[in-house]
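Shown next: work11.cif, given as mmCIF, C-alpha atoms.
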data_work
#
loop_
_atom_site.label_atom_id
_atom_site.label_comp_id
_atom_site.auth_asym_id
_atom_site.auth_seq_id
_atom_site.Cartn_x
_atom_site.Cartn_y
_atom_site.Cartn_z
CA MET A 1 114.37 136.15 75.82
CA ALA A 2 116.49 133.21 74.69
CA ARG A 3 116.92 130.43 77.20
CA ASP A 4 120.24 128.95 78.27
CA HIS A 5 121.23 125.85 76.34
CA ARG A 6 123.39 122.98 77.35
CA ALA A 7 126.99 122.97 76.13
CA SER A 8 126.37 119.92 73.92
CA PRO A 9 123.52 119.57 71.42
CA PRO A 10 120.61 117.24 72.30
CA ALA A 11 121.22 113.57 71.49
CA SER A 12 117.95 113.20 69.60
CA PHE A 13 114.80 115.04 68.59
CA VAL A 14 112.96 113.39 71.49
CA ALA A 15 115.65 114.55 73.91
CA TRP A 16 115.37 118.11 72.62
CA ARG A 17 111.55 117.96 72.78
CA ASP A 18 111.52 116.74 76.37
CA GLU A 19 113.95 119.44 77.44
CA PHE A 20 111.97 122.12 75.62
CA ARG A 21 108.77 120.83 77.20
CA SER A 22 110.17 121.55 80.66
CA TYR A 23 111.13 125.04 79.54
CA ALA A 24 107.75 125.73 77.95
CA LEU A 25 105.91 124.62 81.08
CA SER A 26 108.13 126.91 83.15
CA GLN A 27 106.97 129.75 80.88
CA GLY A 28 103.30 129.10 81.57
CA ILE A 29 102.35 126.65 78.82
CA ARG A 30 99.93 124.08 80.19
CA PRO A 31 101.06 120.42 79.87
CA GLU A 32 97.97 119.39 77.94
CA VAL A 33 98.50 122.23 75.43
CA PHE A 34 102.10 121.21 74.82
CA ASP A 35 101.29 117.53 74.50
CA ALA A 36 98.42 118.14 72.08
CA ALA A 37 100.61 120.43 69.98
CA PHE A 38 103.44 117.88 69.78
CA ARG A 39 101.30 114.80 69.23
CA GLY A 40 102.80 113.00 66.23
CA VAL A 41 105.42 115.72 65.64
CA THR A 42 108.79 114.50 64.41
CA GLU A 43 111.80 116.09 62.77
CA ASN A 44 110.88 117.15 59.24
CA PRO A 45 113.83 116.57 56.89
CA GLU A 46 112.36 118.86 54.23
CA VAL A 47 112.38 121.79 56.66
CA ALA A 48 116.00 121.06 57.58
CA ARG A 49 116.92 120.87 53.89
CA LEU A 50 115.25 124.17 53.05
CA ASP A 51 116.85 125.89 56.04
CA GLY A 52 120.29 124.71 55.00
CA SER A 53 120.04 125.74 51.36
CA GLN A 54 121.08 129.24 50.43
CA ALA A 55 120.31 130.21 46.86
CA GLU A 56 123.40 130.67 44.70
CA PHE A 57 121.46 132.81 42.25
CA THR A 58 118.79 135.43 42.96
CA LYS A 59 116.67 137.56 40.66
CA PRO A 60 117.78 141.07 39.73
CA LEU A 61 115.59 143.76 41.26
CA TRP A 62 113.76 144.50 38.00
CA GLU A 63 112.74 140.85 37.55
CA TYR A 64 111.54 140.75 41.16
CA LEU A 65 109.44 143.88 40.58
CA ASP A 66 108.13 142.50 37.29
CA GLY A 67 106.71 139.58 39.28
CA ALA A 68 105.57 141.68 42.24
CA ALA A 69 103.37 143.85 40.04
CA SER A 70 102.65 141.41 37.22
CA ALA A 71 99.55 142.00 35.13
CA ALA A 72 97.84 138.99 36.73
CA ARG A 73 98.63 140.13 40.27
CA VAL A 74 97.45 143.67 39.58
CA GLN A 75 94.25 142.40 37.95
CA THR A 76 93.54 140.04 40.85
CA GLY A 77 94.23 142.81 43.34
CA ARG A 78 91.75 145.10 41.65
CA ALA A 79 89.16 142.31 41.63
CA ARG A 80 89.71 141.65 45.35
CA ALA A 81 89.37 145.37 46.01
CA GLN A 82 85.90 145.24 44.48
CA GLU A 83 84.86 142.00 46.21
CA LEU A 84 86.03 143.13 49.65
CA ASN A 85 85.23 146.80 49.27
CA ARG A 86 83.22 147.14 52.51
CA THR A 87 85.68 145.14 54.62
CA LEU A 88 88.69 147.02 53.24
CA ALA A 89 86.98 150.38 53.78
CA ALA A 90 86.22 149.44 57.40
CA ILE A 91 89.83 148.33 57.95
CA GLU A 92 91.15 151.56 56.43
CA SER A 93 88.79 153.60 58.58
CA ARG A 94 89.84 151.81 61.79
CA TYR A 95 93.60 151.63 61.27
CA GLY A 96 94.33 154.51 58.89
CA VAL A 97 96.28 152.35 56.45
CA ASP A 98 95.42 152.76 52.77
CA SER A 99 93.55 149.72 51.52
CA GLN A 100 95.64 149.25 48.37
CA VAL A 101 98.72 148.74 50.55
CA VAL A 102 96.94 146.12 52.67
CA LEU A 103 95.93 144.38 49.44
CA ALA A 104 99.52 144.56 48.20
CA VAL A 105 100.83 142.87 51.34
CA TRP A 106 98.25 140.11 50.84
CA GLY A 107 99.15 139.79 47.18
CA MET A 108 102.90 139.67 47.79
CA GLU A 109 102.80 137.33 50.77
CA THR A 110 100.38 134.63 49.55
CA ASN A 111 99.05 135.71 46.16
CA TYR A 112 95.81 136.83 47.82
CA GLY A 113 95.53 133.77 50.04
CA SER A 114 96.14 131.09 47.42
CA ASN A 115 99.57 130.10 48.82
CA ARG A 116 99.17 130.22 52.60
CA GLY A 117 101.51 127.27 53.27
CA SER A 118 100.62 123.71 54.17
CA MET A 119 103.31 122.69 56.66
CA PRO A 120 102.39 122.20 60.34
CA VAL A 121 103.87 125.21 62.10
CA ILE A 122 104.76 123.33 65.30
CA GLU A 123 106.67 120.67 63.36
CA SER A 124 108.49 123.23 61.21
CA LEU A 125 109.60 125.34 64.18
CA ALA A 126 110.47 122.27 66.26
CA THR A 127 112.69 121.02 63.43
CA LEU A 128 114.44 124.39 63.16
CA ALA A 129 114.96 124.48 66.92
CA TYR A 130 116.32 120.93 67.12
CA GLU A 131 118.52 121.31 64.04
CA GLY A 132 120.20 124.16 65.87
CA ARG A 133 121.39 126.68 63.28
CA ARG A 134 118.83 129.24 64.50
CA ARG A 135 117.77 127.57 67.74
CA ASP A 136 117.13 130.72 69.80
CA PHE A 137 114.97 132.25 67.09
CA ALA A 138 113.05 129.02 66.44
CA GLU A 139 112.40 128.36 70.13
CA GLU A 140 111.16 131.92 70.63
CA GLN A 141 108.73 131.45 67.75
CA LEU A 142 107.74 127.99 68.96
CA LEU A 143 106.90 129.27 72.43
CA ALA A 144 104.83 132.04 70.82
CA ALA A 145 103.01 129.43 68.70
CA LEU A 146 102.18 127.47 71.85
CA ARG A 147 100.80 130.64 73.44
CA ILE A 148 98.54 131.09 70.39
CA LEU A 149 97.27 127.53 70.75
CA GLN A 150 96.75 128.02 74.47
CA ALA A 151 94.68 131.16 73.78
CA GLY A 152 92.33 129.08 71.65
CA ASP A 153 92.69 131.06 68.43
CA VAL A 154 93.43 127.92 66.39
CA SER A 155 93.95 124.17 66.74
CA PRO A 156 97.30 122.45 66.02
CA GLY A 157 95.90 120.81 62.89
CA VAL A 158 94.84 124.14 61.37
CA MET A 159 98.00 126.01 62.39
CA ARG A 160 99.83 125.63 59.09
CA GLY A 161 102.19 127.85 57.19
CA SER A 162 105.54 128.05 55.44
CA TRP A 163 108.51 125.82 56.23
CA ALA A 164 109.94 128.68 58.32
CA GLY A 165 106.79 129.11 60.42
CA ALA A 166 105.14 132.10 58.74
CA MET A 167 101.37 131.75 58.98
CA GLY A 168 98.18 132.62 57.21
CA HIS A 169 97.12 135.09 54.54
CA THR A 170 99.75 137.68 55.45
CA GLN A 171 102.47 135.30 56.69
CA PHE A 172 102.84 136.44 60.29
CA MET A 173 105.51 134.80 62.38
CA PRO A 174 104.07 133.70 65.75
CA THR A 175 105.68 136.57 67.68
CA SER A 176 104.25 139.08 65.19
CA TYR A 177 100.87 137.41 65.54
CA LEU A 178 100.96 137.85 69.33
CA SER A 179 101.88 141.51 68.93
CA TYR A 180 99.63 142.57 66.05
CA ALA A 181 96.89 140.04 65.22
CA VAL A 182 93.35 141.30 65.77
CA ASP A 183 89.86 139.81 65.86
CA PHE A 184 88.30 142.11 63.26
CA THR A 185 85.23 139.96 62.67
CA GLY A 186 84.37 139.86 66.38
CA ASP A 187 83.96 136.07 66.57
CA GLY A 188 86.34 135.75 69.52
CA ARG A 189 89.28 134.39 67.52
CA ARG A 190 92.13 136.07 65.64
CA ASP A 191 91.87 133.83 62.59
CA VAL A 192 94.59 134.48 59.99
CA TRP A 193 94.44 130.91 58.62
CA GLY A 194 90.84 130.43 57.43
CA ASP A 195 89.30 131.26 54.07
CA ASP A 196 87.91 134.59 55.32
CA PRO A 197 90.90 136.99 55.11
CA SER A 198 89.30 139.76 57.22
CA ASP A 199 91.26 139.16 60.44
CA ALA A 200 94.53 138.73 58.52
CA LEU A 201 94.09 141.91 56.48
CA ALA A 202 93.16 143.91 59.58
CA SER A 203 96.16 142.43 61.40
CA ALA A 204 98.50 143.56 58.60
CA ALA A 205 96.94 147.02 58.76
CA ASN A 206 97.40 147.08 62.53
CA TYR A 207 101.07 146.15 62.07
CA LEU A 208 101.67 148.97 59.59
CA ALA A 209 99.66 151.45 61.66
CA ARG A 210 101.70 150.76 64.76
CA ALA A 211 104.89 151.07 62.72
CA GLY A 212 103.84 154.63 61.87
CA TRP A 213 101.93 154.49 58.58
CA GLN A 214 100.73 157.92 57.39
CA HIS A 215 97.36 157.69 55.65
CA GLY A 216 97.03 159.15 52.18
CA ARG A 217 100.76 159.65 51.73
CA PRO A 218 102.84 157.82 49.12
CA TRP A 219 105.63 155.36 49.85
CA GLY A 220 107.65 157.08 47.16
CA MET A 221 107.68 157.91 43.47
CA GLU A 222 109.85 157.70 40.41
CA VAL A 223 111.92 160.85 39.81
CA ARG A 224 114.41 162.35 37.38
CA LEU A 225 117.83 163.41 38.58
CA PRO A 226 119.68 166.45 37.23
CA GLU A 227 122.90 166.35 35.25
CA GLY A 228 125.86 166.10 37.57
CA PHE A 229 123.82 164.63 40.44
CA ASN A 230 126.02 163.33 43.26
CA TYR A 231 125.11 159.64 43.44
CA GLY A 232 126.94 159.39 46.73
CA THR A 233 123.94 161.17 48.29
CA ALA A 234 121.44 158.63 46.89
CA ASP A 235 121.13 156.44 49.94
CA GLN A 236 118.27 155.38 52.21
CA SER A 237 120.11 156.66 55.27
CA ASN A 238 120.30 160.17 53.78
CA ARG A 239 116.81 161.45 54.59
CA ARG A 240 116.50 165.18 53.99
CA PRO A 241 113.75 167.81 53.79
CA VAL A 242 112.06 167.68 50.39
CA ALA A 243 113.00 171.33 49.87
CA ASP A 244 116.65 170.24 49.87
CA TRP A 245 116.10 167.69 47.08
CA ASN A 246 114.09 170.24 45.10
CA ALA A 247 116.95 172.73 45.46
CA ARG A 248 119.32 170.09 44.06
CA GLY A 249 117.18 169.75 40.95
CA VAL A 250 115.43 166.45 41.69
CA ARG A 251 112.08 166.45 39.92
CA ARG A 252 108.99 164.37 39.32
CA LEU A 253 108.84 162.68 35.94
CA ASP A 254 106.65 165.48 34.58
CA GLY A 255 109.26 168.06 35.62
CA SER A 256 107.33 169.45 38.59
CA PRO A 257 108.86 169.82 42.06
CA LEU A 258 108.66 166.97 44.53
CA PRO A 259 105.64 167.08 46.84
CA ASP A 260 106.43 167.45 50.51
CA HIS A 261 105.34 164.38 52.47
CA GLY A 262 108.02 164.73 55.13
CA PRO A 263 111.74 163.88 55.09
CA ALA A 264 112.72 161.83 52.06
CA ALA A 265 115.65 159.94 50.60
CA VAL A 266 116.65 159.50 46.96
CA ILE A 267 117.56 155.94 45.98
CA THR A 268 118.96 154.42 42.79
CA PRO A 269 118.62 150.70 43.55
CA ALA A 270 119.95 149.66 40.12
CA GLY A 271 122.75 152.20 40.02
CA ALA A 272 123.26 155.34 37.96
CA THR A 273 121.95 153.75 34.75
CA GLY A 274 118.63 152.66 36.27
CA PRO A 275 115.53 154.46 37.55
CA ALA A 276 115.69 156.87 40.47
CA PHE A 277 113.12 157.19 43.22
CA VAL A 278 112.32 159.45 46.14
CA VAL A 279 111.10 157.49 49.17
CA TYR A 280 109.15 158.90 52.10
CA GLY A 281 108.33 157.71 55.59
CA ASN A 282 105.83 155.05 54.48
CA PHE A 283 108.60 153.27 52.55
CA PHE A 284 110.44 152.75 55.82
CA VAL A 285 107.22 151.61 57.52
CA ILE A 286 106.90 148.82 54.92
CA LYS A 287 110.48 147.86 55.71
CA GLU A 288 109.39 147.22 59.30
CA TYR A 289 107.24 144.41 57.86
CA ASN A 290 110.10 143.08 55.73
CA ASN A 291 113.44 144.88 55.70
CA ALA A 292 114.35 144.18 52.06
CA THR A 293 114.38 147.21 49.76
CA SER A 294 113.02 145.03 46.95
CA TYR A 295 110.05 144.01 49.12
CA ALA A 296 109.24 147.57 50.16
CA MET A 297 109.37 148.72 46.55
CA GLY A 298 107.28 145.73 45.47
CA ILE A 299 104.56 146.46 48.03
CA GLY A 300 104.53 150.16 47.23
CA HIS A 301 104.43 149.65 43.47
CA LEU A 302 101.83 146.88 43.56
CA GLY A 303 99.63 149.03 45.77
CA ASP A 304 99.98 151.95 43.34
CA ARG A 305 99.08 149.71 40.39
CA ILE A 306 96.03 148.27 42.19
CA ALA A 307 94.89 151.84 42.81
CA GLY A 308 95.17 152.63 39.10
CA GLY A 309 98.74 153.89 38.80
CA GLY A 310 101.02 153.09 35.91
CA ALA A 311 104.17 151.06 35.46
CA PHE A 312 107.65 152.44 36.07
CA VAL A 313 108.77 154.65 33.18
CA GLN A 314 112.56 154.72 33.16
CA SER A 315 114.50 151.74 31.84
CA TRP A 316 116.17 149.19 34.08
CA PRO A 317 119.70 148.03 33.17
CA ARG A 318 118.43 144.66 32.02
CA HIS A 319 121.75 143.90 30.36
CA GLU A 320 123.33 143.60 33.82
CA ARG A 321 123.23 140.19 35.44
CA GLU A 322 122.84 139.63 39.17
CA LEU A 323 126.07 138.46 40.76
CA SER A 324 125.91 134.97 42.21
CA ARG A 325 126.25 134.50 45.94
CA THR A 326 129.79 133.17 45.44
CA GLU A 327 130.70 136.25 43.40
CA LYS A 328 129.22 138.57 46.03
CA ILE A 329 131.32 136.89 48.71
CA GLU A 330 134.40 137.26 46.51
CA MET A 331 133.56 140.94 45.99
CA GLN A 332 133.23 141.46 49.75
CA LYS A 333 136.58 139.74 50.37
CA ARG A 334 138.31 141.82 47.72
CA LEU A 335 136.82 145.02 49.12
CA THR A 336 138.13 144.03 52.55
CA ALA A 337 141.58 143.30 51.14
CA ARG A 338 141.67 146.80 49.64
CA GLY A 339 140.70 148.40 52.95
CA PHE A 340 137.01 148.97 52.30
CA ASP A 341 135.03 147.24 55.05
CA PRO A 342 131.82 145.60 53.72
CA GLY A 343 130.85 144.16 57.10
CA ALA A 344 130.18 140.44 56.90
CA THR A 345 131.41 138.40 53.93
CA ASP A 346 128.12 136.56 53.58
CA GLY A 347 127.04 137.26 50.02
CA VAL A 348 124.36 139.71 51.15
CA VAL A 349 124.74 143.20 49.67
CA GLY A 350 123.46 145.28 52.58
CA PRO A 351 124.12 148.88 53.66
CA ASP A 352 127.72 148.21 54.81
CA THR A 353 128.64 146.53 51.55
CA ILE A 354 127.01 149.30 49.52
CA SER A 355 129.01 151.89 51.51
CA ALA A 356 132.21 149.95 50.85
CA ILE A 357 131.41 149.77 47.12
CA ARG A 358 130.80 153.53 47.05
CA ALA A 359 134.12 154.21 48.76
CA PHE A 360 135.97 151.96 46.32
CA GLN A 361 134.19 153.54 43.34
CA SER A 362 135.15 157.02 44.57
CA SER A 363 138.77 155.95 44.96
CA GLN A 364 138.75 154.78 41.34
CA GLY A 365 137.07 157.88 39.90
CA MET A 366 133.88 155.91 39.19
CA VAL A 367 130.31 157.07 39.77
CA PRO A 368 129.72 156.17 43.45
CA ASP A 369 126.31 154.55 42.97
CA GLY A 370 126.98 151.51 45.19
CA PHE A 371 125.69 149.07 42.56
CA ALA A 372 127.31 145.62 42.55
CA THR A 373 127.98 144.60 38.96
CA SER A 374 130.20 142.14 37.11
CA ALA A 375 132.23 145.15 35.85
CA LEU A 376 132.81 146.24 39.45
CA LEU A 377 133.98 142.76 40.39
CA ALA A 378 136.31 142.70 37.38
CA ARG A 379 137.75 146.06 38.51
CA LEU A 380 138.37 144.64 41.99
CA ARG A 381 140.15 141.65 40.48
#

Could you write out this file's structure as structure tokens?
Amino acid sequence: MARDHRASPPASFVAWRDEFRSYALSQGIRPEVFDAAFRGVTENPEVARLDGSQAEFTKPLWEYLDGAASAARVQTGRARAQELNRTLAAIESRYGVDSQVVLAVWGMETNYGSNRGSMPVIESLATLAYEGRRRDFAEEQLLAALRILQAGDVSPGVMRGSWAGAMGHTQFMPTSYLSYAVDFTGDGRRDVWGDDPSDALASAANYLARAGWQHGRPWGMEVRLPEGFNYGTADQSNRRPVADWNARGVRRLDGSPLPDHGPAAVITPAGATGPAFVVYGNFFVIKEYNNATSYAMGIGHLGDRIAGGGAFVQSWPRHERELSRTEKIEMQKRLTARGFDPGATDGVVGPDTISAIRAFQSSQGMVPDGFATSALLARLR
């Protein structure tokens, strides 16, 4: 729960730290734990800079997926699967999460442990809390980090991670660590930071298991859509019995009916000219780890490739360029002006914006695939 803040921001980092110290102690953090954690900690200008910078340009989905399941990452994943075969088998047996998916999380988050982050977590989170843009979130994570230190799982000097506070091989935020980290090796510590990835991999499996992972079932698969398919139904929120999609003529790439792994949605993340996919329950479980569609597809596809699966077959619309953040904001404003509510005008194309795009496309006699393109923006202009 977020704490009450004063009406005016703290006068200095030291003033914020002293105030937060009182709060942390009131929440059960021992004074010596707090003082050891904050020894030598100052505001980190690099963290503040990174927090304040929002990328104007982002990669199109197909470039993101090219990197997620690059030849090198797939090859390394297969090598790690061999090296850690016994550990991964034990983790899969205990948590019921397929080992290739655990490997994919590791590969996506830190390139199999090679990029775990080198910034002191306490200093990063303290900077974010003092700087104030996301103070409630940062203070919640900082208090969780202090609880981890107090439990003796790690020392302040070893507790390192990304500039935003994500830690270890699988980049857990402190609150996620408290909820899901496990001591798989049995040494009395939940060590996600050290060179041995066992605890971190088991912790990721525990996270996915508790989010509802179904062992042996796919996240999704590439499909072919029939002529005349209604792209307005291709949406993650439209989960239907597989029998319904089969009746509509959706098929596997080899022409066979879709296998029934529970309710599924059809998605066309690059619009009507790109590949189509059916996604099952495990896709949505991955989104509990990271809510981005690109991430969930990246994890699923990398895991499939590690397990011996092939690349995507259908062509991506590589001629399309990703709209810049400024262009996405303009698109959202123009949709609003025409009476199609995209939610926030923040440059993030989420479900509300996609729904607004679909509604506008339908009003113009266009294919309602919800895909934000430069042609769409030109039509809005």

Please provide the set of residues having any atom within 12 Å of His301 in chain A, restricted to only C-alpha atoms, with same-chain residues fewer than 2 positions apart removed, written as a VMD selection string.
chain A and resid 62 64 to 70 73 to 74 100 to 101 103 to 105 107 to 108 218 to 222 277 279 283 286 294 to 299 303 to 312

Would you mind listing what lies within 6 Å of range 180-190 of chain A as a PDB file with C-alpha atoms, in the frame of the given file, with only C-alpha atoms counted and same-chain residues fewer than 4 positions away left out?
ATOM      1  CA  ASP A 153      92.690 131.060  68.430  1.00  0.00           C
ATOM      2  CA  SER A 176     104.250 139.080  65.190  1.00  0.00           C
ATOM      3  CA  ASP A 199      91.260 139.160  60.440  1.00  0.00           C
ATOM      4  CA  SER A 203      96.160 142.430  61.400  1.00  0.00           C
ATOM      5  CA  TYR A 207     101.070 146.150  62.070  1.00  0.00           C
TER       6      TYR A 207
END

Evaluate the PyMOL selection byres ((chain A and resi 122) around 8) against this structure - the residues, as a ChimeraX atom specification, please.
/A:37-38,41,120-121,123-126,142,145,156,159,165

For the PyMOL selection byres ((chain A and resi 115) around 12), applied here, can you spell out every residue it catches as a ChimeraX atom specification?
/A:106-114,116-119,160-162,166-171,193,195

Can you spell out as a ChimeraX atom specification the set of residues that the PyMOL selection byres ((chain A and resi 262) around 12) selects in the structure I just provided?
/A:214,217-220,239-245,258-261,263-265,278-283

Using only C-alpha atoms for the distances, tell me which of A:Gly152, A:Pro31, A:Pro269, A:Pro275 is nearest to Gly370 in chain A.
A:Pro269

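The space between CA of Thr268 in chain A and CA of Asp369 in chain A spans 7.4 Å.
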
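Shortest atom-to-atom contact with Ser362 in chain A among A:Gly232, A:Pro45, A:Gly212, A:Pro9: A:Gly232, counting all atoms listed in the file.
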
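Atom pair CA of Ala24 in chain A / CA of Phe137 in chain A has a distance of 14.6 Å (rounded to one decimal).
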
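Nearest-residue note for Asp346 in chain A: choosing from A:Arg325, A:Arg134, A:Gly255, A:Tyr23, the minimum distance belongs to A:Arg325, counting all atoms listed in the file.
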
Given the block above, output range 270-287 of chain A with N, CA, C and O atoms as a short mmCIF file (atom, residue, chain, number, x, y, z; two decimals), in the first residue's frame.
data_model
loop_
_atom_site.label_atom_id
_atom_site.label_comp_id
_atom_site.auth_asym_id
_atom_site.auth_seq_id
_atom_site.Cartn_x
_atom_site.Cartn_y
_atom_site.Cartn_z
N ALA A 270 0.28 -7.93 -36.89
CA ALA A 270 0.78 -7.02 -37.93
C ALA A 270 -0.28 -6.76 -38.98
O ALA A 270 0.03 -6.45 -40.13
N GLY A 271 -1.54 -6.87 -38.59
CA GLY A 271 -2.62 -6.55 -39.50
C GLY A 271 -2.96 -7.67 -40.47
O GLY A 271 -2.42 -8.78 -40.41
N ALA A 272 -3.84 -7.34 -41.41
CA ALA A 272 -4.38 -8.34 -42.33
C ALA A 272 -3.36 -8.83 -43.34
O ALA A 272 -3.54 -9.89 -43.95
N THR A 273 -2.26 -8.09 -43.52
CA THR A 273 -1.25 -8.53 -44.49
C THR A 273 -0.10 -9.29 -43.84
O THR A 273 0.86 -9.67 -44.52
N GLY A 274 -0.18 -9.51 -42.54
CA GLY A 274 0.87 -10.24 -41.83
C GLY A 274 0.40 -11.60 -41.38
O GLY A 274 -0.72 -12.03 -41.67
N PRO A 275 1.25 -12.34 -40.65
CA PRO A 275 0.89 -13.66 -40.17
C PRO A 275 -0.28 -13.62 -39.19
O PRO A 275 -0.51 -12.61 -38.50
N ALA A 276 -0.98 -14.74 -39.11
CA ALA A 276 -2.06 -14.90 -38.13
C ALA A 276 -1.69 -16.01 -37.16
O ALA A 276 -0.96 -16.94 -37.52
N PHE A 277 -2.20 -15.90 -35.96
CA PHE A 277 -1.87 -16.87 -34.91
C PHE A 277 -3.13 -17.19 -34.11
O PHE A 277 -4.02 -16.34 -33.96
N VAL A 278 -3.19 -18.40 -33.59
CA VAL A 278 -4.15 -18.73 -32.55
C VAL A 278 -3.37 -18.79 -31.25
O VAL A 278 -2.26 -19.35 -31.21
N VAL A 279 -3.90 -18.18 -30.21
CA VAL A 279 -3.21 -18.17 -28.91
C VAL A 279 -4.12 -18.78 -27.85
O VAL A 279 -5.31 -18.50 -27.79
N TYR A 280 -3.49 -19.63 -27.02
CA TYR A 280 -4.21 -20.36 -25.98
C TYR A 280 -3.91 -19.77 -24.61
O TYR A 280 -3.27 -18.72 -24.48
N GLY A 281 -4.35 -20.47 -23.58
CA GLY A 281 -4.22 -19.97 -22.22
C GLY A 281 -2.80 -19.65 -21.81
O GLY A 281 -2.55 -18.67 -21.09
N ASN A 282 -1.82 -20.45 -22.24
CA ASN A 282 -0.44 -20.21 -21.83
C ASN A 282 0.12 -18.89 -22.36
O ASN A 282 1.02 -18.31 -21.74
N PHE A 283 -0.41 -18.43 -23.49
CA PHE A 283 -0.01 -17.10 -23.99
C PHE A 283 -0.35 -16.02 -22.96
O PHE A 283 0.45 -15.13 -22.68
N PHE A 284 -1.52 -16.14 -22.37
CA PHE A 284 -1.97 -15.14 -21.39
C PHE A 284 -1.23 -15.31 -20.06
O PHE A 284 -1.07 -14.34 -19.33
N VAL A 285 -0.78 -16.52 -19.77
CA VAL A 285 0.06 -16.72 -18.59
C VAL A 285 1.39 -15.99 -18.75
O VAL A 285 1.86 -15.31 -17.83
N ILE A 286 2.01 -16.08 -19.94
CA ILE A 286 3.26 -15.34 -20.18
C ILE A 286 3.02 -13.85 -20.02
O ILE A 286 3.88 -13.13 -19.50
N LYS A 287 1.86 -13.38 -20.42
CA LYS A 287 1.57 -11.95 -20.28
C LYS A 287 1.44 -11.51 -18.83
O LYS A 287 1.53 -10.32 -18.53
#
